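Q: Please find one structure pasted underneath; my questions will follow.
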Amino acid sequence: MNDNFNWRKYLVVFFITLGLFITAIYLSDYFGNKKIDQLKSIQDKISIDILSSETQFSLLSELSCKNVSGSVLSGELEELGRKLDWGQNNLGATDEVSYLKKYYSLLEIKDYLLMKKIFSSCGTKSAFILYFYTTKENCSKCENESLVLSSLRDKHPELRVYSFDYSIDLSAVKSLLQIYKIKDTELPALILNDNLLTGFHNIDDLETLIQKSLRVQVKK
Amino acid sequence: MFSISNIIFYVLVFVSVYVQVFFFVTFLENRKKIVTRNGKIKLTNYPSVTIAVPCWNEENTVEKTILSILDLNYPKDKLKIFIIDDGSTDNTWNIIQKFSNHPNIKILQKENGGKYAALNLALKQTETDFFGGLDADSVVHPESLVRIMSYFEKDGSIMAVAPSVVVNNPQNMIQNAQKAEYNMGVYLKKMLCFLGAINVTPGPMTIFKKKVFDDLGGYRYGHNTEDMEIAYRMQKNRYKIEHCNDAYVYTDTPGTFKKLYKQRLRWIYGFINNTIDYKNVLFRKEYGNFAVFTLPMSIVSIISVSYLFGRIVYNLGNFLYSKIILLYTLGWHFTFKTPHFDLFFLNEQSFVFLIVFIYFLVVFSILFGRKMTREKTFFSPNILYFFPVFGMIAPFWLLKAIYNTIIQRRPAWR
């Protein structure tokens with residue numbers, strides 16, 4: 001046997017490498033958890049903002065619309081949504097991420113209801129889109145619709161888009177699906193000011209519909 | 001999450017980390033044995049050495065090469081030089097004529113038949129106990145031969161001593177990138193030497209005991225990498241190869257991507273095909289670390305680079321596809337948004353840490369190689385060129401060499 005050859009070294013290096021792997025996994029887990037904590041704190045902040053707006057609205061009631069702060073900026077909710085999607089893809093669909101996603105959907109519904117109430121009582125023009133997509137199966141139309149919506153949101157900051165994962169196990173979202181009679185075969189689905197639109201809609205179609213809805217609101 | 005592609009990826013990352021750790025552990029075990037001599041040394045006796053310079057169209061460099069041999073700090077009566085014109089079609093023959101009357105030099109001419117044939121012609125006429133080649137695009141450090149010979153004096157069981165090959169006067173980004181690579185090569189060769197697992201005895205200035213060729217036969221074609229084939233043959237016969245890290249040989253390197261590509265294609269093709277020829281030694285512990293570490297490690301590195309390249313191309317394709325879809329979906333409404341930096345989106349998956357670790361050890365080996373070659377400064381920007389130049393084009397010559405092996409096409413020398 002060759003003098004320079006010893007199995008022990010091969011084994012020792014194997015264990016060192018294994019140790020490095022475990023350390024890397026631990027580090028990745030550590031930073032992953034930090035990110036989840038970060039998401040939690042963003043959600044808590046948004047939750048407090050919504051609750052505060054709700055309370056403010058109840059306190060002041062119809063007295064003064066000016067004093068009600070604009071609730072949560074839709075940008076903040078959108079940012080949170082993006083981070084959650086990234087977390088789902090990169091941190092793995094852990095229980096915590098899916099729990100946070102449910103919480104996020106709930107916050108969206110609360111924000112939607114509150115904003116609708118504020119806008120209608122103050123008579124401000126508004127456009128709301130509830131957007132339903134699926135992550136369970138390969139839905140290329142959903143991906144395209146998401147692109148259209150985020151571009152639309154950039155162009156019209158007054159537009160409020162709320163996105164919901166069709167397959168999320170949350171009773172509030174299920175109620176929305178029942179109210180608007182949305183089936184999984186019709187995804188992506190959009191509710192634009194209470195009207196159901198199914199399948200892919202391009203940016204021009206949606207812009208026309210939004211303008212139309214705003215004109216109707218003015219007439220009222 | 002655990003797709004087959006991910007499993008392959010993590011296995012390759014594991015093996016790559018393993019290889020780097022293996023080198024680093026070898027370094028820690030032997031670091032005190034790495035001696036870099038600065039001044040002149042003396043031997044108890046100076047055995048006669050033959051140095052053969054095969055040339056094929058080397059009109060620009062051959063004179064410098066010969067002058068550097070004549071300038072070696074070694075007794076002139078113990079040095080025999082053969083210059084073999086291997087059927088050059090340029091002015092090489094006329095240039096080497098200048099040395100025809102030199103008492104130490106013998107000039108030979110033959111029809112073009114490849115470097116191995118030229119070396120064999122010199123071997124046939126060699127009467128000394130030591131023999132070495134020197135490529136005509138390289139120059140030797142005046143102390144290199146005496147330092148190499150000191151290894152033979154110290155240990156009678158050594159059959160060949162390889163030098164440290166360093167890039168001569170790098171001019172552009174490609175040559176600077178190679179300089180960093182050659183520095184790393186010096187470090188890795190020393191580590192392989194400690195493992196008794198050197199797989200190449202470089203064409204420039206490796207000195208052999210003549211007995212190697214008497215026992216094992218002369219040079220072979222070796223898929224245009226005769227310096228690799230002879231090292232494989234020696235390892236198979238358990239002949240000891242050492243590395244003299246302070247014997248410097250300065251070699252000219254390709255200055256364009258095209259030339260570099262051709263050279264590396266030849267090297268990698270040679271590696272793949274010599275390994276196929278010597279596949280019987282693979283993983284057989286009687287052939288030592290050469291069979292269990294060097295060869296498998298080199299095979300894995302070829303697979304890793306090819307696989308990672310495939311993965312990068314796939315991801316790039318996906319990215320471009322998503323942009324095309326975006327353009328298609330949004331039409332003229334499409335605008336480029338400046339992405340804002342958010343630490344949240346920094347990828348901290350476990351492989352990222354491991355790849356950073358691998359890069360860290362690669363940088364360490366380049367820097368330590370610099371130290372071993374007595375570079376004036378600790379750091380040089382050529383390290384920065386190394387990663388993009390080799391990262392971008394190495395996969396192409398690797399894949400082409402694999403392709404050529406499959407369809408049995410031999411690459412040209414240059």
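Naming scheme: A, B, ... for chains in displayed order of the structure tokens; residues 1 onward per chain; ligands 1 onward as shown.
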Counting only C-alpha atoms, which residues from chain B have an atom at most 6 Å from any atom of chain A, and could you show them as a list in words?
A: Tyr18, Phe22, Leu195, Glu286, Gly288, Asn289, Glu348, Gln349, Ser350 and Phe353 of chain B
Q: At a cut-off of 9 Å, using only C-alpha atoms, what residues contact region 127-136 of chain A? Leave out same-chain residues fewer than 2 positions from it and give the result as a ChimeraX atom specification.
A: /A:112,116,125,138-139,142-143,145-146,149,158-168,177,182,184,187-194,210-211,213-214
Q: So that I can check the surroundings of region 242-251 of chain B, please list as a count of residues only every protein, DNA and RNA residue that reaches within 7 Å of it, counting only C-alpha atoms and ignoring chain neighbours fewer than 3 positions away.
A: 29
Q: Output as a PDB file with C-alpha atoms, in the first residue's frame all residues of chain A that backbone DSSP marks as strand (DSSP E or B).
A:
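Generated file (out_10.pdb):
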ATOM      1  CA  ALA A 127     -61.287  51.683  -7.299  1.00  0.00           C
ATOM      2  CA  PHE A 128     -60.844  48.324  -5.586  1.00  0.00           C
ATOM      3  CA  ILE A 129     -59.721  45.086  -7.148  1.00  0.00           C
ATOM      4  CA  LEU A 130     -59.927  41.762  -5.377  1.00  0.00           C
ATOM      5  CA  TYR A 131     -57.640  39.406  -7.227  1.00  0.00           C
ATOM      6  CA  PHE A 132     -57.779  35.605  -6.851  1.00  0.00           C
ATOM      7  CA  TYR A 133     -54.957  33.423  -8.120  1.00  0.00           C
ATOM      8  CA  LEU A 159     -56.130  51.883  -7.164  1.00  0.00           C
ATOM      9  CA  ARG A 160     -56.222  49.347  -4.310  1.00  0.00           C
ATOM     10  CA  VAL A 161     -55.485  45.770  -5.284  1.00  0.00           C
ATOM     11  CA  TYR A 162     -55.933  42.924  -2.798  1.00  0.00           C
ATOM     12  CA  SER A 163     -54.548  39.545  -3.851  1.00  0.00           C
ATOM     13  CA  PHE A 164     -55.747  36.215  -2.439  1.00  0.00           C
ATOM     14  CA  ASP A 165     -54.418  32.730  -2.910  1.00  0.00           C
ATOM     15  CA  ALA A 189     -60.516  35.998 -11.183  1.00  0.00           C
ATOM     16  CA  LEU A 190     -60.922  39.702 -10.470  1.00  0.00           C
ATOM     17  CA  ILE A 191     -63.608  41.573  -8.589  1.00  0.00           C
ATOM     18  CA  LEU A 192     -63.585  45.133  -9.829  1.00  0.00           C
ATOM     19  CA  ASN A 195     -68.205  42.875 -10.696  1.00  0.00           C
ATOM     20  CA  LEU A 196     -66.672  39.462 -11.355  1.00  0.00           C
ATOM     21  CA  LEU A 197     -64.192  39.133 -14.224  1.00  0.00           C
ATOM     22  CA  THR A 198     -62.663  35.734 -14.960  1.00  0.00           C
TER      23      THR A 198
END
Q: Apply DSSP to the backbone of this structure and, from chain A, keep only the residues in alpha helix (DSSP H); write these as a PyMOL selection string.
A: chain A and resi 7-60+74-90+95-122+140-155+171-179+203-219
Q: Leaving out region 173-184 of chain B and any residue of its chain fewer than 4 positions from it, which residues lie within 8 Å of it when counting only C-alpha atoms, given as a ChimeraX atom specification?
A: /B:165-167,188,253-257,362,365-370,373,382-387,389-390
Q: Measure the distance from CA of Ile198 (chain B) to CA of Gln235 (chain B) in Å and round it to one decimal.
A: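 Interatomic distance, CA of Ile198 (chain B) to CA of Gln235 (chain B): 8.1 Å.
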Q: So which one's closest to Leu113 (chain A), A:Gln43, A:Ile179, A:Leu209, A:Glu54? Using only C-alpha atoms, please.
A: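 Answer, going by the shortest atom-to-atom distance: A:Glu54.
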Q: When distances are computed from only C-alpha atoms, which of B:Met159, B:Ala118, B:Ile41, B:Leu398 shows the smallest separation from Val305 (chain B)?
A: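 With only C-alpha atoms as the atom set, the closest residue is B:Leu398.
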Q: Excluding region 80-84 of chain B and any residue of its chain fewer than 3 positions from it, enumerate the residues within 6 Å of it, using only C-alpha atoms, and give them as a list in words.
A: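 Counting only C-alpha atoms, the residues come to Thr50, Ile51, Ala52, Val53, Pro54, Asn104, Ile105, Lys106, Ile107, Leu108 and Gln109 of chain B.
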